[in-house]
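Listing of run_39.cif; format and content: mmCIF, C-alpha atoms.
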data_structure
loop_
_atom_site.label_atom_id
_atom_site.label_comp_id
_atom_site.auth_asym_id
_atom_site.auth_seq_id
_atom_site.Cartn_x
_atom_site.Cartn_y
_atom_site.Cartn_z
CA MET A 1 26.31 -28.78 57.13
CA SER A 2 28.78 -26.00 57.02
CA ARG A 3 27.74 -22.61 55.76
CA ARG A 4 30.05 -21.02 53.30
CA ALA A 5 31.73 -17.81 54.31
CA PRO A 6 29.82 -14.82 52.95
CA ARG A 7 32.82 -13.57 50.95
CA ALA A 8 33.91 -16.95 49.54
CA GLY A 9 32.58 -16.19 45.99
CA VAL A 10 31.27 -18.88 43.60
CA THR A 11 32.69 -22.24 42.58
CA LEU A 12 34.00 -22.93 39.08
CA LEU A 13 31.03 -25.21 38.38
CA GLU A 14 28.56 -22.47 39.28
CA LEU A 15 30.42 -20.03 37.08
CA LEU A 16 30.43 -22.47 34.14
CA VAL A 17 26.72 -23.22 34.50
CA SER A 18 25.89 -19.53 34.68
CA LEU A 19 28.05 -18.83 31.59
CA ALA A 20 26.19 -21.55 29.69
CA MET A 21 22.84 -20.13 30.72
CA THR A 22 23.91 -16.61 29.74
CA ALA A 23 25.07 -17.89 26.36
CA ALA A 24 21.74 -19.65 25.79
CA LEU A 25 19.81 -16.50 26.66
CA ALA A 26 22.05 -14.42 24.38
CA LEU A 27 21.40 -16.86 21.54
CA ILE A 28 17.63 -16.57 22.01
CA LEU A 29 17.85 -12.78 22.10
CA GLY A 30 20.08 -12.78 19.03
CA SER A 31 17.64 -14.79 16.96
CA MET A 32 14.80 -12.46 17.96
CA LEU A 33 16.88 -9.44 16.98
CA GLU A 34 17.54 -11.04 13.62
CA THR A 35 13.82 -11.59 12.98
CA THR A 36 13.08 -7.97 13.86
CA ALA A 37 15.88 -6.70 11.65
CA ARG A 38 14.57 -8.78 8.76
CA SER A 39 11.05 -7.35 9.20
CA ALA A 40 12.46 -3.82 9.36
CA THR A 41 14.49 -4.37 6.19
CA ARG A 42 11.45 -5.70 4.40
CA LEU A 43 9.43 -2.63 5.37
CA GLY A 44 12.23 -0.20 4.64
CA THR A 45 13.63 -1.35 1.31
CA GLY A 46 11.70 -4.36 0.07
CA ALA A 47 8.26 -2.80 -0.05
CA GLU A 48 6.96 0.11 -2.07
CA PRO A 49 6.75 3.23 0.08
CA LEU A 50 3.52 4.69 1.40
CA ASP A 51 3.77 8.37 0.44
CA PRO A 52 3.83 7.85 -3.36
CA LEU A 53 0.76 5.63 -2.97
CA LEU A 54 -1.17 8.29 -1.03
CA ASP A 55 -0.22 10.98 -3.56
CA ARG A 56 -1.17 8.67 -6.41
CA LEU A 57 -4.59 8.06 -4.86
CA GLU A 58 -5.01 11.82 -4.57
CA LEU A 59 -4.21 12.32 -8.28
CA ARG A 60 -6.67 9.51 -9.09
CA ARG A 61 -9.36 11.36 -7.15
CA TRP A 62 -8.59 14.65 -8.91
CA ILE A 63 -8.96 12.98 -12.32
CA GLU A 64 -12.10 11.06 -11.37
CA GLU A 65 -13.77 14.23 -10.06
CA ILE A 66 -13.23 16.25 -13.21
CA PRO A 67 -16.61 17.79 -14.08
CA VAL A 68 -17.94 17.30 -17.61
CA GLY A 69 -17.02 19.91 -20.20
CA VAL A 70 -13.79 21.33 -18.82
CA ALA A 71 -10.35 21.79 -20.36
CA PHE A 72 -8.27 18.61 -20.74
CA GLU A 73 -5.11 18.28 -22.75
CA GLY A 74 -2.33 15.76 -22.63
CA GLY A 75 0.79 14.55 -24.37
CA ALA A 76 3.04 11.54 -23.92
CA ALA A 77 4.90 13.09 -20.98
CA ASP A 78 2.55 15.71 -19.57
CA LEU A 79 -1.07 16.31 -18.78
CA SER A 80 -3.10 19.31 -17.71
CA PHE A 81 -6.75 19.51 -16.79
CA GLU A 82 -9.26 21.37 -14.66
CA THR A 83 -11.07 19.73 -11.79
CA LEU A 84 -12.98 20.42 -8.61
CA ILE A 85 -11.08 19.74 -5.38
CA ASP A 86 -13.12 19.71 -2.20
CA ALA A 87 -10.28 20.19 0.30
CA PRO A 88 -8.56 23.30 1.65
CA PRO A 89 -6.95 25.45 0.32
CA PHE A 90 -9.14 24.69 -2.70
CA THR A 91 -12.86 25.15 -3.05
CA THR A 92 -15.41 23.58 -5.36
CA ALA A 93 -16.65 27.09 -6.19
CA VAL A 94 -13.87 27.49 -8.76
CA LEU A 95 -12.13 25.10 -11.11
CA THR A 96 -8.59 24.12 -10.11
CA ARG A 97 -5.97 23.59 -12.78
CA VAL A 98 -3.78 20.52 -12.31
CA ALA A 99 -0.57 19.96 -14.26
CA LEU A 100 1.19 16.59 -14.29
CA GLY A 101 4.73 16.33 -15.55
CA ARG A 102 8.32 15.58 -14.81
CA THR A 103 10.47 18.25 -13.16
CA ASN A 104 14.08 17.48 -12.26
CA GLY A 105 13.38 13.78 -12.74
CA ALA A 106 10.47 13.70 -10.27
CA LEU A 107 6.93 13.00 -11.43
CA ARG A 108 4.69 15.58 -9.82
CA ALA A 109 1.08 16.70 -10.14
CA VAL A 110 0.65 20.33 -9.12
CA ALA A 111 -2.79 21.70 -8.26
CA GLN A 112 -2.67 25.47 -8.70
CA LEU A 113 -4.45 28.07 -6.63
CA PRO A 114 -6.41 30.75 -8.56
CA ASP A 115 -3.37 33.07 -8.41
CA GLY A 116 -1.24 30.44 -10.14
CA SER A 117 0.80 29.39 -7.11
CA PRO A 118 1.05 25.68 -6.25
CA GLY A 119 -1.57 24.84 -3.63
CA ARG A 120 -0.85 21.12 -3.40
CA VAL A 121 1.90 19.04 -4.95
CA ALA A 122 1.40 15.29 -5.27
CA VAL A 123 4.75 13.54 -5.79
CA LEU A 124 4.08 10.27 -7.59
CA SER A 125 7.74 9.37 -7.93
CA ALA A 126 10.89 11.02 -6.61
CA ALA A 127 12.77 9.89 -9.72
CA THR A 128 11.27 8.30 -12.81
CA ASP A 129 12.94 7.27 -16.07
CA GLY A 130 10.15 5.79 -18.12
CA LEU A 131 7.15 8.13 -18.05
CA LEU A 132 4.47 7.38 -20.64
CA LEU A 133 0.93 8.70 -20.80
CA GLU A 134 -1.71 7.21 -23.07
CA TYR A 135 -5.34 8.09 -23.69
CA TRP A 136 -8.18 5.76 -24.68
CA GLY A 137 -11.09 7.32 -26.48
CA GLN A 138 -12.36 8.72 -29.73
CA PRO A 139 -11.21 12.27 -30.43
CA PRO A 140 -12.94 13.89 -33.44
CA GLY A 141 -11.72 12.35 -36.70
CA HIS A 142 -10.01 9.40 -35.04
CA GLU A 143 -10.84 5.82 -34.10
CA ARG A 144 -11.69 4.63 -30.59
CA ARG A 145 -8.32 3.29 -29.46
CA TRP A 146 -5.19 4.22 -27.49
CA HIS A 147 -3.75 7.62 -28.44
CA ALA A 148 -0.33 9.04 -27.59
CA ALA A 149 -1.76 12.54 -27.08
CA TRP A 150 -5.13 14.08 -26.39
CA PRO A 151 -5.81 17.42 -28.10
CA ALA A 152 -7.45 20.34 -26.32
CA GLY A 153 -11.09 20.79 -27.22
CA ALA A 154 -11.66 17.08 -27.93
CA GLY A 155 -13.64 16.53 -24.75
CA LEU A 156 -12.51 13.99 -22.21
CA PRO A 157 -10.88 10.65 -22.99
CA GLU A 158 -12.55 7.55 -21.56
CA LEU A 159 -9.36 6.43 -19.86
CA VAL A 160 -5.92 7.81 -19.01
CA ARG A 161 -3.04 5.42 -18.43
CA ILE A 162 0.12 6.69 -16.74
CA ARG A 163 3.11 4.36 -16.74
CA TYR A 164 6.04 5.34 -14.55
CA ASP A 165 8.60 3.88 -12.19
CA LEU A 166 9.93 4.72 -8.76
CA VAL A 167 13.71 5.10 -8.78
CA GLY A 168 14.03 2.26 -11.27
CA ARG A 169 11.47 0.02 -9.55
CA ALA A 170 8.43 -0.87 -11.64
CA LEU A 171 5.11 0.37 -10.27
CA PRO A 172 1.64 -0.69 -11.43
CA PRO A 173 0.34 1.57 -14.20
CA LEU A 174 -2.18 4.17 -13.04
CA SER A 175 -5.32 3.77 -15.16
CA VAL A 176 -8.08 6.16 -14.30
CA ARG A 177 -11.38 7.29 -15.87
CA PRO A 178 -11.68 11.06 -16.17
CA ALA A 179 -15.01 12.40 -14.84
CA ARG A 180 -15.85 8.99 -13.42
CA ALA A 181 -17.88 10.58 -10.62
CA ALA A 182 -19.91 12.69 -13.10
CA ARG A 183 -20.49 9.72 -15.42
CA GLN A 184 -21.76 7.57 -12.59
CA SER A 185 -24.12 10.23 -11.23
CA THR A 186 -26.25 10.00 -14.39
CA ILE A 187 -28.44 7.00 -15.15
CA SER A 188 -30.44 7.15 -18.34
CA LEU A 189 -33.89 5.62 -18.68
CA SER A 190 -32.60 3.20 -21.30
CA SER A 191 -29.79 1.84 -19.15
CA LEU A 192 -30.11 -1.42 -17.31
CA PRO A 193 -31.24 -1.35 -13.71
CA PRO A 194 -28.19 -0.75 -11.52
CA PRO A 195 -27.14 -3.85 -9.61
CA GLY A 196 -27.50 -4.12 -5.87
CA MET B 1 25.79 -11.74 79.31
CA PRO B 2 26.19 -10.84 75.66
CA SER B 3 23.22 -11.42 73.38
CA GLU B 4 23.25 -14.30 70.78
CA ARG B 5 21.42 -12.20 68.21
CA PRO B 6 23.65 -10.30 65.78
CA ASP B 7 23.45 -6.58 65.68
CA PRO B 8 20.92 -5.72 62.87
CA ARG B 9 23.01 -2.73 61.79
CA ARG B 10 26.04 -5.00 61.22
CA VAL B 11 24.02 -7.51 59.13
CA THR B 12 22.71 -4.74 56.87
CA ARG B 13 26.17 -3.36 56.40
CA ARG B 14 27.59 -6.77 55.48
CA ARG B 15 24.85 -7.51 52.92
CA ALA B 16 25.32 -4.17 51.31
CA ALA B 17 29.03 -4.78 50.97
CA SER B 18 28.71 -8.33 49.56
CA GLY B 19 26.70 -7.25 46.41
CA PHE B 20 24.43 -9.62 44.43
CA THR B 21 24.63 -13.38 44.48
CA LEU B 22 25.15 -15.26 41.23
CA LEU B 23 21.57 -16.52 41.39
CA GLU B 24 20.23 -12.99 41.62
CA VAL B 25 22.26 -11.85 38.63
CA LEU B 26 21.13 -14.84 36.57
CA LEU B 27 17.50 -14.26 37.46
CA ALA B 28 17.75 -10.59 36.57
CA PHE B 29 19.34 -11.46 33.24
CA ALA B 30 16.67 -14.05 32.49
CA MET B 31 13.94 -11.51 33.22
CA LEU B 32 15.66 -8.91 31.04
CA THR B 33 15.88 -11.40 28.17
CA THR B 34 12.23 -12.35 28.51
CA VAL B 35 11.03 -8.75 28.49
CA THR B 36 13.34 -7.71 25.64
CA GLY B 37 12.38 -10.80 23.66
CA ALA B 38 8.68 -10.16 24.06
CA THR B 39 9.12 -6.52 23.01
CA LEU B 40 11.14 -7.55 19.97
CA GLN B 41 8.52 -10.10 18.97
CA VAL B 42 5.73 -7.53 19.14
CA THR B 43 7.84 -5.04 17.16
CA SER B 44 8.66 -7.66 14.57
CA ALA B 45 5.00 -8.70 14.19
CA THR B 46 3.94 -5.05 13.80
CA LEU B 47 6.58 -4.41 11.16
CA ARG B 48 5.55 -7.53 9.26
CA ASP B 49 1.87 -6.56 9.38
CA ASN B 50 2.72 -3.07 8.16
CA ALA B 51 4.66 -4.44 5.22
CA ILE B 52 1.83 -6.81 4.28
CA ARG B 53 -0.82 -4.08 4.54
CA LEU B 54 1.24 -1.73 2.41
CA GLU B 55 1.69 -4.45 -0.18
CA ARG B 56 -2.06 -5.08 -0.18
CA ALA B 57 -2.75 -1.37 -0.65
CA TRP B 58 -0.50 -1.33 -3.72
CA LEU B 59 -2.08 -4.55 -5.01
CA ALA B 60 -5.56 -3.04 -4.59
CA GLU B 61 -4.37 -0.02 -6.57
CA LEU B 62 -3.01 -2.33 -9.29
CA ALA B 63 -6.26 -4.32 -9.42
CA ARG B 64 -8.25 -1.08 -9.61
CA SER B 65 -6.19 0.18 -12.55
CA VAL B 66 -6.44 -3.16 -14.36
CA ALA B 67 -10.20 -3.30 -13.74
CA GLU B 68 -10.77 0.27 -14.98
CA GLU B 69 -8.77 -0.46 -18.11
CA HIS B 70 -10.55 -3.72 -18.80
CA LEU B 71 -14.05 -2.33 -18.23
CA VAL B 72 -13.42 0.44 -20.76
CA THR B 73 -11.40 -1.42 -23.40
CA ARG B 74 -12.94 -4.92 -23.23
CA PRO B 75 -14.11 -6.33 -26.56
CA ALA B 76 -17.84 -6.19 -27.25
CA ALA B 77 -17.93 -10.00 -27.42
CA GLY B 78 -16.56 -10.23 -23.91
CA LEU B 79 -13.54 -12.09 -22.67
CA GLN B 80 -13.09 -15.76 -23.50
CA GLY B 81 -11.50 -17.52 -20.55
CA SER B 82 -9.13 -15.59 -18.36
CA LEU B 83 -6.50 -13.03 -19.22
CA LEU B 84 -3.13 -13.04 -17.44
CA GLY B 85 -0.85 -10.04 -17.28
CA SER B 86 2.38 -9.13 -15.55
CA MET B 87 4.83 -6.28 -15.18
CA ALA B 88 8.07 -6.89 -13.28
CA ASP B 89 6.97 -8.37 -9.89
CA TRP B 90 3.29 -7.48 -10.37
CA HIS B 91 0.89 -10.10 -11.68
CA TRP B 92 -2.82 -9.94 -12.43
CA ARG B 93 -5.63 -12.04 -13.87
CA ILE B 94 -8.94 -10.94 -15.38
CA GLU B 95 -11.90 -13.34 -15.49
CA GLU B 96 -15.43 -12.91 -16.77
CA ARG B 97 -18.49 -15.03 -16.14
CA PRO B 98 -22.25 -14.49 -16.40
CA ALA B 99 -23.64 -12.81 -13.29
CA ARG B 100 -25.41 -15.05 -10.79
CA ALA B 101 -28.94 -14.33 -9.63
CA GLU B 102 -28.85 -11.93 -6.71
CA PRO B 103 -31.52 -9.99 -4.87
CA GLY B 104 -31.89 -6.60 -6.55
CA LEU B 105 -30.78 -7.85 -9.95
CA ALA B 106 -33.68 -7.92 -12.41
CA PRO B 107 -34.09 -11.45 -13.86
CA GLU B 108 -34.42 -10.12 -17.43
CA ALA B 109 -31.03 -8.38 -17.02
CA LEU B 110 -29.25 -11.57 -15.90
CA GLY B 111 -28.26 -12.70 -19.37
CA ARG B 112 -26.73 -9.34 -20.17
CA ILE B 113 -24.76 -8.72 -17.03
CA VAL B 114 -21.23 -10.06 -16.71
CA GLU B 115 -19.25 -10.42 -13.51
CA VAL B 116 -15.67 -9.25 -13.94
CA THR B 117 -13.10 -10.47 -11.41
CA VAL B 118 -9.62 -8.95 -11.26
CA SER B 119 -6.99 -10.57 -9.04
CA ALA B 120 -3.58 -9.07 -8.35
CA TRP B 121 -0.59 -10.53 -6.55
CA LYS B 122 3.16 -10.11 -6.26
CA ALA B 123 5.62 -12.66 -7.59
CA GLY B 124 6.30 -15.34 -5.00
CA ALA B 125 3.33 -14.45 -2.80
CA PRO B 126 0.13 -15.63 -4.53
CA GLU B 127 -1.40 -16.31 -1.09
CA ARG B 128 -1.61 -12.54 -0.50
CA MET B 129 -3.77 -12.02 -3.58
CA VAL B 130 -6.15 -9.05 -3.75
CA THR B 131 -9.39 -9.56 -5.68
CA LEU B 132 -11.85 -6.95 -6.98
CA GLU B 133 -15.21 -7.76 -8.52
CA SER B 134 -17.43 -5.63 -10.69
CA LEU B 135 -20.54 -6.04 -12.83
CA VAL B 136 -20.68 -4.82 -16.39
CA ALA B 137 -23.63 -4.74 -18.78
CA ASP B 138 -22.80 -6.55 -22.01
CA GLY B 139 -23.59 -4.54 -25.10
CA ALA B 140 -25.04 -1.61 -23.16
CA PRO B 141 -23.45 1.84 -23.26
CA ARG B 142 -20.99 2.22 -20.44
#
What does the file become when written as structure tokens?
Amino acid sequence: MSRRAPRAGVTLLELLVSLAMTAALALILGSMLETTARSATRLGTGAEPLDPLLDRLELRRWIEEIPVGVAFEGGAADLSFETLIDAPPFTTAVLTRVALGRTNGALRAVAQLPDGSPGRVAVLSAATDGLLLEYWGQPPGHERRWHAAWPAGAGLPELVRIRYDLVGRALPPLSVRPARAARQSTISLSSLPPPG
Amino acid sequence: MPSERPDPRRVTRRRAASGFTLLEVLLAFAMLTTVTGATLQVTSATLRDNAIRLERAWLAELARSVAEEHLVTRPAAGLQGSLLGSMADWHWRIEERPARAEPGLAPEALGRIVEVTVSAWKAGAPERMVTLESLVADGAPR
């Protein structure tokens, strides 16, 4: 058996086989790249983003932790109320005023520091077209139903519903019970035994 | 008499000059593909999981809103059958049924407690449904 000279190179057959193997490997790699790209697209554009969800949950908490007997006033496109926020820079020693409304197309809830400056801004939507707030409850002299506005001095509504969209994409409505935490901390003697 | 063994320094020099063999290159390429492929698969699985978790977080938020609204505005007579709702891609269903006996639930309260189930899912993916359950006292102040 003769040994090939060290500098003889490769035969055409070897080259062809290696080309075929390289092509097969490239195909496998290509299909994997495609799967990854599809997942990335789905996360980037197909799904609702995370930040508006976190800010929305924060606004929900602010509304649910409203203490009983504070100022609350809302219209069809804005809402302002006082609440207790237990996170810096706020303190539960003083009431914090929160204003929800649309500025420059963005739906934002601004929690103000005692000096009136914005301490925390929750951006629910970077751009919203269809903002609509509704209030369920029984303000004095009215029936218990949905209302387009909630007057100051009428106490708290039982439910606030905020409908909005995210740059044209429909989001679930945000329905939240004001003072939910305070309502649930009281159990009257006549109420049924709590489950669980 | 000259030695039969080649000079080790000359062998090393020749190998260094001849570069890689085809087999070595192919093996290296196969290993590169395997490692890159495995990395891509892990990345792709992570991205998919992230997307699904984010969708579930939004669905839980939808179900929570629907449940809050139903618990406050439900008719005094309760809900007959189930109630379906939808908004764009978002779908939900509200169901009510008498609460089952459970430890901690007073037997005399059983007839007056209703179990409310709210399910939420996105169009085309009912298998990733999120379900919330709550108990409500029928006829009692809420």
Expected answer as a PyMOL selection string: chain B residues within 8 Å of chain A, all atoms listed in the file: chain B and resi 18+22+26+29-30+33+36-37+40-41+43-45+47-48+50-51+54-55+58+61-62+64-66+68-69+72-73+87-90+102-106+109+135+137+140-141
Polymer residues at most 9 Å from Val94 in chain A, all atoms listed in the file, same-chain spacing of 4 or more positions, as JSON, numbers by chain: {"A": [83, 84, 85, 90, 114]}
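All protein, DNA and RNA residues at most 6 Å from (4.7, 10.2, -11.9) are A:Leu107, A:Arg108, A:Leu124, A:Ser125, A:Tyr164, using all atoms listed in the file.
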Nearest-residue call for Asp55 in chain A, choices A:Glu82, A:Ala106, A:Val123, A:Pro88, using only C-alpha atoms: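 Between A:Glu82, A:Ala106, A:Val123, A:Pro88, the residue approaching Asp55 in chain A most closely is A:Val123.
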Nearby residues (all atoms listed in the file) at most 8 Å from Val121 in chain A, same-chain spacing under 3 positions excluded, as number ranges by chain: A: 108-111, 118
Gap from CA of Ala57 in chain B to CA of Thr92 in chain A - Å, one decimal: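 Computing the Euclidean distance for CA of Ala57 in chain B and CA of Thr92 in chain A yields 28.4 Å.
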Selection result of the PyMOL selection byres ((chain B and resi 127-131) around 9) on this file, as a PyMOL selection string: chain B and resi 52+55-57+59-60+63+117-122+124-126+132-133
Top pick for closest residue to Val116 in chain B, considering B:Pro98, B:Pro75, B:Gly19, B:Gly85 and counting only C-alpha atoms: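 Looking at the shortest contact to Val116 in chain B, the residue is B:Pro98.
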Matched chain/residue IDs from the PyMOL selection byres ((chain B and resi 94-97) around 8), as a PyMOL selection string: chain B and resi 67+78-84+92-93+98-99+114-119
Atom pair CA of Leu166 in chain A / CA of Glu64 in chain A: separation (Å):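 According to the coordinates, CA of Leu166 in chain A and CA of Glu64 in chain A are separated by 23.1 Å.
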Shortest interatomic distance to Glu134 in chain A - which of A:Gly155, A:Pro52, A:Gly75, A:Gly69, counting all atoms listed in the file: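 The closest residue to Glu134 in chain A is A:Gly75.
Near Val167 in chain A, within a cut-off of 8 Å and counting all atoms listed in the file, sit the residues Ser125, Ala126, Ala127, Thr128 and Asp129 of chain A, with same-chain residues fewer than 6 positions away left out.
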Output of the above residues as a PDB file, keeping the file's coordinate frame, restricted to C-alpha atoms:
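Generated output (part-v2.pdb):
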ATOM      1  CA  SER A 125       7.740   9.370  -7.930  1.00  0.00           C
ATOM      2  CA  ALA A 126      10.890  11.020  -6.610  1.00  0.00           C
ATOM      3  CA  ALA A 127      12.770   9.890  -9.720  1.00  0.00           C
ATOM      4  CA  THR A 128      11.270   8.300 -12.810  1.00  0.00           C
ATOM      5  CA  ASP A 129      12.940   7.270 -16.070  1.00  0.00           C
TER       6      ASP A 129
END
